[in-house]
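Heads up, data-v5.cif below (mmCIF, C-alpha atoms):
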data_model
loop_
_atom_site.label_atom_id
_atom_site.label_comp_id
_atom_site.auth_asym_id
_atom_site.auth_seq_id
_atom_site.Cartn_x
_atom_site.Cartn_y
_atom_site.Cartn_z
CA MET A 1 14.84 -15.49 10.76
CA GLN A 2 16.68 -18.78 10.96
CA GLN A 3 20.35 -18.59 10.05
CA LYS A 4 21.43 -21.06 7.39
CA PRO A 5 24.18 -23.45 8.46
CA GLY A 6 27.65 -22.55 7.23
CA LEU A 7 26.92 -18.83 6.75
CA SER A 8 28.44 -16.11 8.88
CA GLU A 9 26.09 -13.54 10.41
CA SER A 10 27.30 -10.98 7.84
CA GLU A 11 26.64 -13.36 4.93
CA GLN A 12 23.20 -14.16 6.35
CA THR A 13 22.34 -10.44 6.66
CA THR A 14 23.42 -9.83 3.06
CA MET A 15 21.33 -12.77 1.90
CA ASP A 16 18.31 -11.54 3.90
CA LEU A 17 18.60 -8.07 2.36
CA GLU A 18 18.85 -9.54 -1.14
CA THR A 19 15.59 -11.42 -0.65
CA LEU A 20 13.61 -8.36 0.44
CA PRO A 21 10.92 -7.37 -2.06
CA GLU A 22 11.78 -4.52 -4.41
CA ASP A 23 8.76 -2.54 -3.21
CA PRO A 24 8.42 -3.40 0.46
CA TYR A 25 5.56 -0.99 1.35
CA SER A 26 1.81 -0.89 0.81
CA LEU A 27 -0.44 2.15 0.65
CA ILE A 28 -3.52 1.26 2.70
CA VAL A 29 -6.82 3.11 2.30
CA TRP A 30 -9.30 2.72 5.17
CA ASN A 31 -13.08 2.62 5.07
CA ASP A 32 -15.12 5.31 6.79
CA GLU A 33 -18.73 6.43 6.94
CA VAL A 34 -18.02 9.89 5.54
CA ASN A 35 -16.56 9.65 2.02
CA THR A 36 -18.64 8.55 -0.95
CA PHE A 37 -17.69 5.80 -3.37
CA GLU A 38 -17.44 8.43 -6.10
CA TRP A 39 -14.96 10.52 -4.08
CA VAL A 40 -12.77 7.52 -3.23
CA ILE A 41 -12.84 6.34 -6.86
CA GLU A 42 -11.97 9.81 -8.17
CA THR A 43 -9.14 10.09 -5.62
CA LEU A 44 -7.65 6.70 -6.53
CA MET A 45 -7.77 7.61 -10.21
CA ASP A 46 -6.17 11.02 -9.65
CA VAL A 47 -3.59 10.13 -7.01
CA CYS A 48 -2.70 6.48 -7.74
CA LYS A 49 -3.36 6.64 -11.50
CA HIS A 50 -5.79 3.72 -11.30
CA SER A 51 -8.17 3.04 -14.18
CA GLN A 52 -11.88 3.58 -13.51
CA GLU A 53 -12.36 -0.20 -13.16
CA GLN A 54 -9.37 -0.59 -10.81
CA ALA A 55 -10.54 2.29 -8.64
CA GLU A 56 -14.10 0.91 -8.46
CA GLN A 57 -12.82 -2.53 -7.44
CA CYS A 58 -10.55 -1.02 -4.77
CA ALA A 59 -13.42 1.09 -3.40
CA MET A 60 -15.66 -1.98 -3.12
CA ILE A 61 -12.95 -3.96 -1.30
CA ILE A 62 -12.26 -1.02 1.03
CA HIS A 63 -15.98 -0.81 1.79
CA THR A 64 -16.47 -4.54 2.44
CA GLN A 65 -13.13 -5.39 4.11
CA GLY A 66 -12.52 -2.15 5.99
CA LYS A 67 -9.20 -1.44 4.30
CA TYR A 68 -7.23 -2.34 1.19
CA ALA A 69 -3.68 -2.03 -0.11
CA VAL A 70 -4.32 0.10 -3.19
CA LYS A 71 -0.67 0.41 -4.23
CA GLN A 72 2.71 -1.15 -3.49
CA GLY A 73 6.04 0.55 -3.86
CA SER A 74 8.90 2.24 -2.10
CA TYR A 75 8.21 4.52 0.86
CA LYS A 76 9.54 7.46 -1.16
CA GLU A 77 7.04 6.73 -3.95
CA LEU A 78 4.04 6.10 -1.67
CA LYS A 79 4.48 8.94 0.86
CA PRO A 80 3.31 11.76 -1.47
CA MET A 81 0.33 9.61 -2.55
CA CYS A 82 -0.59 8.92 1.08
CA ASP A 83 -0.38 12.64 1.87
CA ALA A 84 -2.52 13.54 -1.16
CA ILE A 85 -5.20 11.01 -0.18
CA THR A 86 -5.34 12.16 3.44
CA GLU A 87 -5.49 15.81 2.30
CA ARG A 88 -8.74 14.83 0.53
CA GLY A 89 -10.18 13.62 3.83
CA ILE A 90 -9.69 9.90 3.23
CA ASN A 91 -7.79 7.83 5.80
CA ALA A 92 -4.63 6.27 4.40
CA THR A 93 -1.45 4.80 5.87
CA ILE A 94 1.75 3.21 4.65
CA GLU A 95 2.61 -0.22 6.00
CA VAL A 96 5.60 -2.51 5.58
CA LEU A 97 4.73 -5.65 3.64
CA SER A 98 4.92 -8.63 5.96
CA ALA A 99 7.63 -11.16 5.19
CA SER A 100 6.31 -14.45 3.91
#
Represent the structure from my file as structure tokens, please.
Amino acid sequence: MQQKPGLSESEQTTMDLETLPEDPYSLIVWNDEVNTFEWVIETLMDVCKHSQEQAEQCAMIIHTQGKYAVKQGSYKELKPMCDAITERGINATIEVLSAS
């Protein structure tokens, strides 16, 4: 990241930290050839508390794009969800949101 003129390194670091998103992680669910749409939808509703419509839309995007960020939040919030999804046999990971 480019340092702004007139700021010390410490001031720049503080400013960078203040501009980080509140929820800097994404819960990614990956497509596979094993799990059914119904199972993925049910899992997203149970684990992520998605509505039926939300879960269906996520499942379609996962199927067509190969993966989808189904939830954003803190690592602490997403880790138990990721574990619950993978325990159901669905591939899921947590990724850091890329800085824009």
Next item on the list: Just give me the gap between atom CA of A:Trp39 and atom CA of A:Ser98 in Å, one decimal is fine.
Entry: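 For atom CA of A:Trp39 relative to atom CA of A:Ser98, the distance reads 29.4 Å.
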Next item on the list: Would you work out the distance separating atom CA of A:Ala92 from atom CA of A:Lys67, expressed in Å to one decimal?
Entry: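 Interatomic distance here is 9.0 Å.
For A:Ile94, the list of residues within 9 Å, based on all atoms listed in the file and with local chain neighbours fewer than 6 positions off taken out, reads Tyr25, Ser26, Leu27, Ile28, Val29, Ala69, Tyr75, Leu78, Lys79 and Cys82 of chain A.
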Check: How would you write, as a list in words, the residues chosen by the PyMOL selection byres ((chain A and resi 32) around 9) on this structure?
Finding: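 Evaluating the PyMOL selection byres ((chain A and resi 32) around 9) on these coordinates yields Trp30, Asn31, Glu33, Val34, Asn35, His63, Gly66, Ile90 and Asn91 of chain A.
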Margin query: Which residues are near A:Met45? Cut-off 9 Å, all atoms listed in the file, ignore same chain within fewer than 6 positions. Put them as a list in words.
Written below: Ser51, Gln52, Gln54 and Ala55 of chain A
If you keep C-alpha atoms, can you produce a file of those selected residues as a CSV table (one decimal), in the coordinates of the input?
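Result file part-v5.csv:
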chain,number,residue,atom,x,y,z
A,51,SER,CA,-8.2,3.0,-14.2
A,52,GLN,CA,-11.9,3.6,-13.5
A,54,GLN,CA,-9.4,-0.6,-10.8
A,55,ALA,CA,-10.5,2.3,-8.6
Notebook entry, point to check: Quick one, how far is atom CA of A:Pro24 from atom CA of A:Glu42?
Noted result: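 Atom CA of A:Glu42 lies at a distance of 25.8 Å from atom CA of A:Pro24.
Of the residues listed (A:Gln65, A:Ala84, A:Ala59, A:Val70), A:Ala84 shows the shortest atom-to-atom separation from A:Val47; distances use all atoms listed in the file.
Counting all atoms listed in the file, the residue from A:Ile41, A:Cys48, A:Met81, A:Ile62 that sits nearest to A:Thr93 is A:Met81.
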Next item on the list: Tell me which of A:Tyr68, A:Glu53, A:Thr43, A:Phe37 sits closest to A:Glu87, counting all atoms listed in the file.
Entry: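 Looking only at the distances to A:Glu87, the closest residue turns out to be A:Thr43.
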Can you complete the atoms of stretch 76-94 of chain A to N, CA and C atoms and list them as a PDB file, in the coordinates of the input?
ATOM      1  N   LYS A  76       9.353   6.169  -0.486  1.00  0.00           N
ATOM      2  CA  LYS A  76       9.540   7.460  -1.160  1.00  0.00           C
ATOM      3  C   LYS A  76       8.471   7.694  -2.227  1.00  0.00           C
ATOM      4  N   GLU A  77       8.075   6.631  -2.919  1.00  0.00           N
ATOM      5  CA  GLU A  77       7.040   6.730  -3.950  1.00  0.00           C
ATOM      6  C   GLU A  77       5.640   6.882  -3.332  1.00  0.00           C
ATOM      7  N   LEU A  78       5.384   6.146  -2.248  1.00  0.00           N
ATOM      8  CA  LEU A  78       4.040   6.100  -1.670  1.00  0.00           C
ATOM      9  C   LEU A  78       3.717   7.273  -0.749  1.00  0.00           C
ATOM     10  N   LYS A  79       4.717   7.863  -0.112  1.00  0.00           N
ATOM     11  CA  LYS A  79       4.480   8.940   0.860  1.00  0.00           C
ATOM     12  C   LYS A  79       3.703  10.116   0.268  1.00  0.00           C
ATOM     13  N   PRO A  80       4.090  10.645  -0.909  1.00  0.00           N
ATOM     14  CA  PRO A  80       3.310  11.760  -1.470  1.00  0.00           C
ATOM     15  C   PRO A  80       1.871  11.345  -1.818  1.00  0.00           C
ATOM     16  N   MET A  81       1.679  10.097  -2.242  1.00  0.00           N
ATOM     17  CA  MET A  81       0.330   9.610  -2.550  1.00  0.00           C
ATOM     18  C   MET A  81      -0.507   9.536  -1.266  1.00  0.00           C
ATOM     19  N   CYS A  82       0.098   9.019  -0.202  1.00  0.00           N
ATOM     20  CA  CYS A  82      -0.590   8.920   1.080  1.00  0.00           C
ATOM     21  C   CYS A  82      -1.000  10.317   1.560  1.00  0.00           C
ATOM     22  N   ASP A  83      -0.088  11.262   1.459  1.00  0.00           N
ATOM     23  CA  ASP A  83      -0.380  12.640   1.870  1.00  0.00           C
ATOM     24  C   ASP A  83      -1.514  13.234   1.036  1.00  0.00           C
ATOM     25  N   ALA A  84      -1.487  12.995  -0.278  1.00  0.00           N
ATOM     26  CA  ALA A  84      -2.520  13.540  -1.160  1.00  0.00           C
ATOM     27  C   ALA A  84      -3.891  12.946  -0.844  1.00  0.00           C
ATOM     28  N   ILE A  85      -3.929  11.658  -0.522  1.00  0.00           N
ATOM     29  CA  ILE A  85      -5.200  11.010  -0.180  1.00  0.00           C
ATOM     30  C   ILE A  85      -5.738  11.558   1.142  1.00  0.00           C
ATOM     31  N   THR A  86      -4.872  11.667   2.143  1.00  0.00           N
ATOM     32  CA  THR A  86      -5.340  12.160   3.440  1.00  0.00           C
ATOM     33  C   THR A  86      -5.752  13.637   3.355  1.00  0.00           C
ATOM     34  N   GLU A  87      -5.105  14.409   2.491  1.00  0.00           N
ATOM     35  CA  GLU A  87      -5.490  15.810   2.300  1.00  0.00           C
ATOM     36  C   GLU A  87      -6.899  15.921   1.728  1.00  0.00           C
ATOM     37  N   ARG A  88      -7.375  14.864   1.082  1.00  0.00           N
ATOM     38  CA  ARG A  88      -8.740  14.830   0.530  1.00  0.00           C
ATOM     39  C   ARG A  88      -9.739  14.287   1.549  1.00  0.00           C
ATOM     40  N   GLY A  89      -9.278  14.049   2.778  1.00  0.00           N
ATOM     41  CA  GLY A  89     -10.180  13.620   3.830  1.00  0.00           C
ATOM     42  C   GLY A  89     -10.412  12.115   3.906  1.00  0.00           C
ATOM     43  N   ILE A  90      -9.578  11.359   3.229  1.00  0.00           N
ATOM     44  CA  ILE A  90      -9.690   9.900   3.230  1.00  0.00           C
ATOM     45  C   ILE A  90      -8.529   9.347   4.064  1.00  0.00           C
ATOM     46  N   ASN A  91      -8.834   8.410   4.947  1.00  0.00           N
ATOM     47  CA  ASN A  91      -7.790   7.830   5.800  1.00  0.00           C
ATOM     48  C   ASN A  91      -6.902   6.887   5.006  1.00  0.00           C
ATOM     49  N   ALA A  92      -5.598   7.113   5.091  1.00  0.00           N
ATOM     50  CA  ALA A  92      -4.630   6.270   4.400  1.00  0.00           C
ATOM     51  C   ALA A  92      -3.360   6.178   5.245  1.00  0.00           C
ATOM     52  N   THR A  93      -2.709   5.030   5.165  1.00  0.00           N
ATOM     53  CA  THR A  93      -1.450   4.800   5.870  1.00  0.00           C
ATOM     54  C   THR A  93      -0.507   4.027   4.961  1.00  0.00           C
ATOM     55  N   ILE A  94       0.762   4.023   5.358  1.00  0.00           N
ATOM     56  CA  ILE A  94       1.750   3.210   4.650  1.00  0.00           C
ATOM     57  C   ILE A  94       2.200   2.133   5.624  1.00  0.00           C
TER      58      ILE A  94
END
